[in-house]
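What follows is protein12.txt (compact mmCIF, C-alpha atoms).
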```
# COMPACT_ATOMS: atom_id res chain seq x y z
CA MET Z 761 65.08 101.92 75.39
CA TYR Z 762 67.72 100.88 72.87
CA GLU Z 763 70.49 103.17 71.64
CA ASN Z 764 71.65 103.06 68.06
CA LEU Z 765 73.90 100.01 68.20
CA ARG Z 766 75.70 101.09 65.04
CA GLU Z 767 77.08 104.13 66.89
CA PRO Z 768 80.20 103.83 69.10
CA THR Z 769 79.30 103.42 72.78
CA THR Z 770 81.28 104.60 75.79
CA TYR Z 771 82.32 101.93 78.24
CA GLN Z 772 83.00 102.60 81.93
CA LYS Z 773 84.98 99.85 83.64
CA GLU Z 774 84.71 99.23 87.37
CA ILE Z 775 87.11 97.75 89.92
CA LYS Z 776 85.87 95.13 92.38
CA LEU Z 777 88.00 94.10 95.37
CA TYR Z 778 87.45 90.77 97.11
CA SER Z 779 89.10 88.89 99.96
CA GLY Z 780 89.64 85.19 100.48
CA THR Z 781 89.60 83.61 103.92
CA SER Z 782 93.37 83.54 104.51
CA ASN Z 783 94.06 87.19 105.41
CA PRO Z 784 90.94 89.39 105.52
CA ALA Z 785 92.70 91.94 107.76
CA LEU Z 786 95.31 92.68 105.07
CA ALA Z 787 92.58 92.88 102.42
CA GLN Z 788 90.70 95.41 104.55
CA ARG Z 789 93.84 97.54 104.96
CA ILE Z 790 94.33 97.54 101.19
CA ALA Z 791 90.68 98.48 100.67
CA ASN Z 792 90.96 101.35 103.17
CA ILE Z 793 94.01 102.77 101.37
CA LEU Z 794 92.22 102.58 98.00
CA HIS Z 795 89.01 104.04 99.48
CA LEU Z 796 87.14 100.97 98.31
CA GLU Z 797 84.80 98.54 100.00
CA LEU Z 798 85.45 94.83 100.01
CA GLN Z 799 82.65 93.41 97.89
CA GLY Z 800 80.43 90.53 98.90
CA LEU Z 801 81.78 87.06 98.23
CA GLU Z 802 80.17 84.00 99.76
CA ILE Z 803 82.66 81.24 100.52
CA GLN Z 804 81.42 78.14 102.30
CA LYS Z 805 82.24 74.48 102.73
CA PHE Z 806 79.89 71.63 102.06
CA ALA Z 807 79.54 68.90 104.65
CA ASN Z 808 82.04 66.76 102.73
CA GLY Z 809 84.69 69.52 102.77
CA GLU Z 810 84.22 70.75 99.19
CA ILE Z 811 84.39 74.53 98.72
CA TYR Z 812 81.57 76.70 97.38
CA ALA Z 813 81.99 80.32 96.19
CA ARG Z 814 79.53 82.83 94.74
CA PHE Z 815 79.73 86.58 94.11
CA ASP Z 816 76.94 88.54 95.80
CA GLU Z 817 76.56 90.94 92.86
CA SER Z 818 77.26 91.06 89.14
CA VAL Z 819 80.90 91.24 88.04
CA ARG Z 820 80.13 91.34 84.31
CA GLY Z 821 82.67 93.61 82.62
CA ASP Z 822 84.42 94.41 85.91
CA GLU Z 823 88.11 94.12 86.78
CA VAL Z 824 88.21 91.77 89.75
CA PHE Z 825 91.09 91.73 92.27
CA PHE Z 826 91.08 88.79 94.68
CA ILE Z 827 93.43 88.92 97.69
CA GLN Z 828 94.56 85.57 99.08
CA SER Z 829 97.77 84.26 100.66
CA VAL Z 830 98.20 80.55 99.98
CA VAL Z 831 99.82 79.39 103.21
CA GLY Z 832 99.17 77.72 106.53
CA GLY Z 833 97.72 74.50 107.84
CA ASN Z 834 94.87 74.73 105.31
CA VAL Z 835 97.12 75.71 102.39
CA ASN Z 836 95.44 73.26 100.03
CA ASP Z 837 91.97 74.62 100.82
CA LEU Z 838 93.18 78.18 100.25
CA LEU Z 839 94.65 77.24 96.88
CA MET Z 840 91.45 75.48 95.85
CA GLU Z 841 89.44 78.46 97.09
CA THR Z 842 91.45 80.75 94.80
CA LEU Z 843 90.89 78.48 91.81
CA ILE Z 844 87.15 78.22 92.44
CA VAL Z 845 86.71 81.99 92.84
CA ALA Z 846 88.69 82.58 89.62
CA ASP Z 847 86.48 80.10 87.78
CA ALA Z 848 83.34 81.77 89.15
CA ALA Z 849 84.55 85.20 87.98
CA SER Z 850 85.41 83.89 84.52
CA ARG Z 851 82.01 82.23 84.12
CA ALA Z 852 80.33 85.44 85.35
CA SER Z 853 81.94 87.37 82.45
CA ALA Z 854 84.37 89.48 84.49
CA GLU Z 855 86.60 91.59 82.25
CA SER Z 856 89.70 90.35 84.06
CA PHE Z 857 90.63 88.46 87.22
CA THR Z 858 93.80 89.42 89.09
CA ALA Z 859 94.97 87.08 91.83
CA VAL Z 860 96.79 89.13 94.49
CA ILE Z 861 98.81 86.40 96.22
CA PRO Z 862 101.14 87.95 98.84
CA HIS Z 863 102.47 84.49 99.69
CA TYR Z 864 102.69 82.09 96.75
CA GLY Z 865 102.26 78.58 98.09
CA TYR Z 866 104.37 75.62 96.93
CA ALA Z 867 107.09 78.02 95.75
CA ARG Z 868 109.94 76.11 97.35
CA GLN Z 869 109.60 73.23 94.89
CA ASP Z 870 110.71 75.28 91.88
CA ARG Z 871 113.02 72.65 90.36
CA LYS Z 872 113.81 68.95 90.54
CA ALA Z 873 116.40 68.66 93.29
CA ALA Z 874 116.28 64.85 92.99
CA SER Z 875 114.91 62.34 90.54
CA ARG Z 876 111.15 61.64 90.50
CA GLU Z 877 110.28 64.91 92.28
CA PRO Z 878 107.53 67.30 91.14
CA ILE Z 879 107.89 70.99 90.30
CA THR Z 880 104.89 72.22 92.24
CA ALA Z 881 105.59 75.93 91.69
CA ARG Z 882 104.97 75.32 87.97
CA LEU Z 883 101.97 73.12 88.70
CA VAL Z 884 100.30 75.89 90.74
CA ALA Z 885 100.99 78.35 87.91
CA ASN Z 886 99.30 76.01 85.44
CA LEU Z 887 96.30 75.59 87.76
CA LEU Z 888 95.86 79.35 88.19
CA GLU Z 889 95.93 79.91 84.44
CA ALA Z 890 93.53 77.03 83.77
CA ALA Z 891 91.09 78.46 86.34
CA GLY Z 892 90.91 81.76 84.47
CA VAL Z 893 93.41 84.00 86.28
CA ASP Z 894 94.51 86.80 83.93
CA ARG Z 895 97.23 88.38 86.06
CA VAL Z 896 99.14 87.62 89.26
CA ILE Z 897 100.48 90.10 91.81
CA THR Z 898 102.79 88.48 94.33
CA LEU Z 899 105.45 89.32 96.87
CA ASP Z 900 109.05 88.09 97.26
CA LEU Z 901 108.83 84.75 95.51
CA HIS Z 902 111.15 82.05 96.83
CA SER Z 903 112.97 82.30 93.50
CA GLY Z 904 112.48 84.90 90.80
CA GLN Z 905 112.38 82.37 87.94
CA ILE Z 906 108.90 81.28 89.07
CA GLN Z 907 107.65 84.28 87.07
CA GLY Z 908 108.72 82.37 83.97
CA PHE Z 909 106.37 79.50 84.84
CA PHE Z 910 103.45 81.72 83.83
CA ASP Z 911 102.19 82.70 80.39
CA ILE Z 912 100.23 85.59 81.92
CA PRO Z 913 101.59 88.85 83.40
CA VAL Z 914 103.19 88.49 86.85
CA THR Z 915 104.00 91.53 88.97
CA HIS Z 916 106.68 90.58 91.49
CA LEU Z 917 106.83 93.05 94.38
CA THR Z 918 109.39 93.13 97.17
CA ALA Z 919 109.33 94.15 100.83
CA LEU Z 920 113.11 94.48 100.90
CA TYR Z 921 113.14 98.27 100.97
CA LEU Z 922 110.38 98.38 103.57
CA PHE Z 923 112.77 96.50 105.82
CA GLY Z 924 115.51 98.93 104.81
CA ASP Z 925 113.35 101.90 105.84
CA TYR Z 926 112.48 100.13 109.10
CA PHE Z 927 116.13 99.64 110.05
CA LYS Z 928 117.10 103.14 108.92
CA GLN Z 929 114.91 104.47 111.74
CA LYS Z 930 117.19 102.76 114.26
CA SER Z 931 120.36 104.38 115.54
CA PHE Z 932 122.78 101.86 114.03
CA ASP Z 933 126.42 102.62 113.32
CA TRP Z 934 126.38 101.55 109.69
CA ASN Z 935 130.15 101.12 109.67
CA GLU Z 936 129.65 98.42 112.30
CA THR Z 937 126.60 96.78 110.70
CA VAL Z 938 126.46 93.90 108.25
CA VAL Z 939 123.59 92.33 106.28
CA VAL Z 940 123.88 88.54 106.40
CA SER Z 941 122.55 86.33 103.62
CA PRO Z 942 121.34 82.98 105.06
CA ASP Z 943 122.68 81.10 102.03
CA MET Z 944 124.37 81.62 98.67
CA GLY Z 945 121.03 81.88 96.87
CA ARG Z 946 120.05 85.04 98.76
CA ALA Z 947 123.42 86.78 98.33
CA LYS Z 948 122.24 89.16 95.59
CA VAL Z 949 119.20 90.21 97.62
CA ALA Z 950 121.37 90.75 100.71
CA LYS Z 951 123.69 92.91 98.60
CA LYS Z 952 120.74 95.05 97.50
CA LEU Z 953 119.72 95.61 101.12
CA SER Z 954 123.28 96.35 102.24
CA ASP Z 955 123.68 98.88 99.42
CA TYR Z 956 120.41 100.51 100.42
CA LEU Z 957 121.52 100.73 104.05
CA GLY Z 958 125.12 101.63 103.27
CA CYS Z 959 126.78 98.76 105.11
CA GLU Z 960 128.69 95.55 104.43
CA VAL Z 961 127.39 92.12 103.46
CA ALA Z 962 128.24 88.58 104.66
CA ILE Z 963 127.08 85.17 103.43
CA ALA Z 964 126.34 82.02 105.43
CA HIS Z 965 127.49 78.82 103.75
CA LYS Z 966 125.34 75.82 104.66
CA SER Z 967 124.34 72.35 103.55
CA ARG Z 968 120.77 70.99 103.58
CA PRO Z 969 120.64 67.25 104.40
CA ARG Z 970 116.81 67.07 104.38
CA HIS Z 971 113.66 69.23 104.18
CA ASN Z 972 113.35 71.95 106.84
CA ALA Z 973 116.88 71.23 108.05
CA ALA Z 974 120.26 72.77 107.29
CA GLU Z 975 123.73 72.96 108.78
CA VAL Z 976 125.76 76.17 108.71
CA MET Z 977 129.29 75.39 107.59
CA GLY Z 978 130.78 78.87 107.88
CA ILE Z 979 130.37 82.61 107.29
CA ILE Z 980 131.93 84.49 104.38
CA GLY Z 981 132.64 88.03 105.57
CA ASN Z 982 133.52 89.89 108.76
CA ILE Z 983 130.80 89.83 111.44
CA ASN Z 984 132.97 89.98 114.58
CA GLY Z 985 131.48 92.48 117.03
CA LYS Z 986 129.09 93.87 114.41
CA THR Z 987 125.34 94.32 114.38
CA CYS Z 988 123.98 91.65 112.03
CA ILE Z 989 120.76 91.84 109.99
CA ILE Z 990 119.76 88.43 108.63
CA ASN Z 991 117.41 88.73 105.65
CA ASP Z 992 115.42 85.86 104.16
CA ASP Z 993 112.26 85.46 102.09
CA MET Z 994 110.45 83.23 104.59
CA ILE Z 995 110.67 81.67 108.05
CA ASP Z 996 108.98 78.29 108.36
CA THR Z 997 110.08 76.12 111.29
CA ALA Z 998 112.96 78.52 112.15
CA GLY Z 999 115.26 75.55 112.76
CA THR Z 1000 117.70 76.56 110.04
CA LEU Z 1001 117.49 80.20 111.07
CA THR Z 1002 118.23 79.60 114.75
CA GLY Z 1003 121.19 77.44 113.72
CA SER Z 1004 122.55 80.37 111.71
CA ILE Z 1005 121.94 82.73 114.62
CA ASN Z 1006 123.84 80.51 117.03
CA LYS Z 1007 126.70 80.16 114.53
CA LEU Z 1008 126.92 83.94 114.19
CA LYS Z 1009 127.08 84.28 117.97
CA GLU Z 1010 129.84 81.67 118.15
CA MET Z 1011 131.81 83.72 115.63
CA GLY Z 1012 131.52 86.87 117.72
CA ALA Z 1013 128.54 88.70 116.23
CA GLY Z 1014 127.03 91.58 118.19
CA ASP Z 1015 123.29 92.31 118.23
CA ILE Z 1016 121.37 90.19 115.73
CA TYR Z 1017 118.20 91.26 113.93
CA VAL Z 1018 116.16 89.05 111.60
CA CYS Z 1019 113.82 90.15 108.81
CA ALA Z 1020 111.77 88.01 106.46
CA THR Z 1021 108.84 88.80 104.19
CA HIS Z 1022 106.83 85.69 104.99
CA GLY Z 1023 106.50 84.62 108.61
CA ILE Z 1024 104.95 81.16 108.21
CA PHE Z 1025 105.99 80.11 111.73
CA SER Z 1026 105.18 76.39 111.60
CA GLY Z 1027 105.37 74.22 114.70
CA GLN Z 1028 107.60 75.66 117.44
CA ALA Z 1029 109.02 78.43 115.22
CA ILE Z 1030 107.82 81.36 117.34
CA GLN Z 1031 109.10 79.82 120.56
CA ARG Z 1032 112.48 79.12 118.92
CA LEU Z 1033 112.75 82.76 117.88
CA GLU Z 1034 111.66 84.07 121.27
CA ASP Z 1035 114.38 81.92 122.90
CA ALA Z 1036 117.05 82.78 120.31
CA PRO Z 1037 119.76 85.40 121.04
CA ILE Z 1038 118.20 88.05 118.77
CA VAL Z 1039 116.87 91.53 119.38
CA GLU Z 1040 113.97 91.41 116.91
CA CYS Z 1041 112.45 89.31 114.15
CA VAL Z 1042 110.63 91.55 111.68
CA VAL Z 1043 108.07 90.13 109.22
CA THR Z 1044 105.30 91.57 107.05
CA ASP Z 1045 101.55 91.09 107.36
CA ALA Z 1046 101.48 89.03 104.16
CA ILE Z 1047 100.71 86.21 106.59
CA PRO Z 1048 98.70 86.88 109.78
CA CYS Z 1049 100.59 86.55 113.07
CA ALA Z 1050 98.63 87.04 116.28
CA ILE Z 1051 101.67 87.44 118.54
CA ALA Z 1052 103.39 90.10 116.41
CA ASN Z 1053 103.84 93.54 118.01
CA THR Z 1054 102.53 92.33 121.37
CA GLN Z 1055 104.29 93.49 124.52
CA GLY Z 1056 107.41 91.49 125.31
CA SER Z 1057 107.50 89.63 121.99
CA LYS Z 1058 110.53 89.71 119.71
CA ILE Z 1059 108.24 89.26 116.69
CA LYS Z 1060 107.56 92.59 114.98
CA GLN Z 1061 105.34 93.13 111.97
CA ILE Z 1062 105.25 95.83 109.29
CA SER Z 1063 102.49 96.21 106.74
CA ILE Z 1064 102.78 95.49 103.03
CA ALA Z 1065 99.28 96.90 102.44
CA ARG Z 1066 100.36 100.20 100.86
CA PRO Z 1067 102.74 98.71 98.26
CA LEU Z 1068 100.06 96.19 97.31
CA ALA Z 1069 97.41 98.92 97.15
CA ASN Z 1070 99.68 101.09 94.98
CA CYS Z 1071 100.27 98.15 92.67
CA ILE Z 1072 96.55 97.41 92.35
CA TYR Z 1073 95.89 101.09 91.58
CA ASN Z 1074 98.63 101.25 88.95
CA VAL Z 1075 97.53 98.00 87.30
CA TYR Z 1076 93.91 99.16 87.17
CA THR Z 1077 94.82 102.60 85.78
CA ASN Z 1078 97.43 101.19 83.36
CA ARG Z 1079 100.32 103.00 85.02
CA SER Z 1080 103.86 101.80 85.59
CA VAL Z 1081 104.35 99.58 88.64
CA SER Z 1082 108.15 99.63 88.51
CA GLN Z 1083 108.25 103.42 88.89
CA ALA Z 1084 106.17 103.37 92.07
CA ALA Z 1085 107.93 104.01 95.39
CA GLY Z 1086 110.96 105.48 93.66
CA GLY Z 1087 111.52 102.35 91.60
CA ASN Z 1088 111.86 100.18 94.72
CA SER Z 1089 108.51 98.38 94.59
CA GLU Z 1090 109.32 95.58 92.15
CA MET Z 1091 111.94 92.89 92.62
```
Once you've parsed the file, please lay out its structure as structure tokens.
Amino acid sequence: MYENLREPTTYQKEIKLYSGTSNPALAQRIANILHLELQGLEIQKFANGEIYARFDESVRGDEVFFIQSVVGGNVNDLLMETLIVADAASRASAESFTAVIPHYGYARQDRKAASREPITARLVANLLEAAGVDRVITLDLHSGQIQGFFDIPVTHLTALYLFGDYFKQKSFDWNETVVVSPDMGRAKVAKKLSDYLGCEVAIAHKSRPRHNAAEVMGIIGNINGKTCIINDDMIDTAGTLTGSINKLKEMGAGDIYVCATHGIFSGQAIQRLEDAPIVECVVTDAIPCAIANTQGSKIKQISIARPLANCIYNVYTNRSVSQAAGGNSEM
């Protein structure tokens, strides 16, 4: 029954893939690519709204990957759900717990823009670490320095080149196409996309008088008569974005395309985009969107499942993530 415990023993680790309640469709796509099954995880709410989580089978010694976007009307529940599942895995003696968070909630508050404000991006990082998260895989953070808020490994992926490949399939005249950064902060990312596509770059200069509001003051660069591709990390209410679109049209822009990794689409965002003078708005499936890719809709969706699956595979097998996809997977 018992082997000689003084002799070295071989140890076979196992990967376990779980999904939260925010985006089970994306989790299933990732599982299909990896030829894995999503394992059983019971997540319920008590009558008073508190969250309960329990793994259906043992995770002792396993490497657990939990897929959850922290976003939407129940963003606080989804964050708490992630913390509770991480705590359950830690107390069940999992070898490691990797939180795969395609959309990192509370990322926009990454600094004190005014006195007496919190830095919630750092707070969420502290909570994840305290709950027992050993590693984070995320996608197009609102600002790259959020990685420095963690004392655990953070793999920061990007969908930028997926958008590049999407637009390369279109018959654009790249001499008459320009990538437009929505503000100064996204200028470097816009330059990366323009270099990848082989076209020019322009920058929108704007002021932000209050939350979810901004005023475009002008455009740096030549967009007159050109096809414009606006790239951003997220679209929330789309108020700022539609203001930029209208400003571009006033300045003589040609066809306008929009791409953003995270389509949050709060309030009347989708209707604003459908009414805006754009050809398409392309987002990823990091956040579910029921109207995307439906007939007559300007909202298009591409999948981030394969880059995430490749990252999970490389992390589990201790291979380089940065070298995946020709070096274009990490930000």
Atom pair atom CA of Z:Thr987 + atom CA of Z:Gly1014, distance 5.0 Å
Skipping near chain neighbours, those fewer than 4 positions away, what residues fall within 9 Å of stretch 805-814 of chain Z using all atoms listed in the file, listed as a JSON list (two decimals) with C-alpha atoms, keeping the file's coordinate frame?
```
[["chain", "number", "residue", "atom", "x", "y", "z"],
["Z", 800, "GLY", "CA", 80.43, 90.53, 98.90],
["Z", 801, "LEU", "CA", 81.78, 87.06, 98.23],
["Z", 837, "ASP", "CA", 91.97, 74.62, 100.82],
["Z", 840, "MET", "CA", 91.45, 75.48, 95.85],
["Z", 841, "GLU", "CA", 89.44, 78.46, 97.09],
["Z", 844, "ILE", "CA", 87.15, 78.22, 92.44],
["Z", 845, "VAL", "CA", 86.71, 81.99, 92.84],
["Z", 848, "ALA", "CA", 83.34, 81.77, 89.15],
["Z", 849, "ALA", "CA", 84.55, 85.20, 87.98]]
```
Using only C-alpha atoms: which of Z:Leu883, Z:Cys988, Z:Leu899, Z:Ile979 has the shortest distance to Z:Asn935: Z:Cys988
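Compared by their closest atoms to Z:Val939, and using all atoms listed in the file, the residues Z:Val893, Z:Ala785, Z:Ile989, Z:Ala964 rank with Z:Ile989 nearest.
Closest approach to Z:Leu843 among Z:Ser903, Z:Asn886, Z:Ser856, Z:Thr1002: Z:Asn886, based on only C-alpha atoms.
The smallest atom-to-atom distance between Z:Cys959 and any of Z:Pro942, Z:Cys1071, Z:Phe923, Z:Asp933, using all atoms listed in the file, is found for Z:Asp933.
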May I have the protein, DNA and RNA residues with an atom at most 12 Å from (94.7, 78.0, 85.9), counting all atoms listed in the file in the file's coordinates, returned as a CSV table (one decimal) with C-alpha atoms, in the frame of the given file?
```
chain,number,residue,atom,x,y,z
Z,839,LEU,CA,94.6,77.2,96.9
Z,840,MET,CA,91.4,75.5,95.8
Z,842,THR,CA,91.4,80.8,94.8
Z,843,LEU,CA,90.9,78.5,91.8
Z,844,ILE,CA,87.2,78.2,92.4
Z,845,VAL,CA,86.7,82.0,92.8
Z,846,ALA,CA,88.7,82.6,89.6
Z,847,ASP,CA,86.5,80.1,87.8
Z,850,SER,CA,85.4,83.9,84.5
Z,857,PHE,CA,90.6,88.5,87.2
Z,858,THR,CA,93.8,89.4,89.1
Z,859,ALA,CA,95.0,87.1,91.8
Z,882,ARG,CA,105.0,75.3,88.0
Z,883,LEU,CA,102.0,73.1,88.7
Z,884,VAL,CA,100.3,75.9,90.7
Z,885,ALA,CA,101.0,78.4,87.9
Z,886,ASN,CA,99.3,76.0,85.4
Z,887,LEU,CA,96.3,75.6,87.8
Z,888,LEU,CA,95.9,79.4,88.2
Z,889,GLU,CA,95.9,79.9,84.4
Z,890,ALA,CA,93.5,77.0,83.8
Z,891,ALA,CA,91.1,78.5,86.3
Z,892,GLY,CA,90.9,81.8,84.5
Z,893,VAL,CA,93.4,84.0,86.3
Z,894,ASP,CA,94.5,86.8,83.9
Z,895,ARG,CA,97.2,88.4,86.1
Z,896,VAL,CA,99.1,87.6,89.3
Z,909,PHE,CA,106.4,79.5,84.8
Z,910,PHE,CA,103.4,81.7,83.8
Z,911,ASP,CA,102.2,82.7,80.4
Z,912,ILE,CA,100.2,85.6,81.9
```
Which residue of Z:Ala962, Z:Leu1001, Z:Ile1038, Z:Ile879 approaches Z:Ala1020 most closely, using only C-alpha atoms: Z:Leu1001
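When only C-alpha atoms are used to measure the gap to Z:Thr1077, the shortest distance among Z:Ile1016, Z:Ile775, Z:Ile1059, Z:Ile983 belongs to Z:Ile775.
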Set the distance at 12 Å and use only C-alpha atoms: which residues neighbour Z:Gly1027 once local chain neighbours fewer than 2 positions away are removed? I'd like the list as a list in words. Gly832, Gly833, Asn972, Ile995, Asp996, Thr997, Ala998, Gly999, Ile1024, Phe1025, Ala1029, Ile1030, Gln1031, Arg1032 and Leu1033 of chain Z
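Atom CA of Z:Asp955 lies 20.3 Å from atom CA of Z:Gly985.
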Can you sort out the box for stretch 1021-1040 of chain Z, edges along x, y and z, all listed atoms in, 5 Å on every side, with centre and edge lengths in Å to one decimal, as JSON?
```
{"center_x": 112.4, "center_y": 82.9, "center_z": 113.5, "size_x": 24.8, "size_y": 27.3, "size_z": 28.7}
```
Find the distance between atom CA of Z:Thr898 and atom CA of Z:Ile861 and write it in Å to one decimal. 4.9 Å
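Residues within 9 Å of Z:Glu1040, counting only C-alpha atoms and excluding same-chain residues fewer than 4 positions away, are Ile1016, Tyr1017, Val1018, Cys1019, Leu1033, Glu1034, Ser1057, Lys1058, Ile1059 and Lys1060 of chain Z.
Surrounding stretch 826-830 of chain Z within 6 Å are Tyr778, Ser779, Gly780, Ser782, Val835, Leu838, Leu839, Ala859, Val860, Ile861, Pro862, His863, Tyr864 and Gly865 of chain Z, with only C-alpha atoms counted and residues fewer than 2 positions along the same chain left out.
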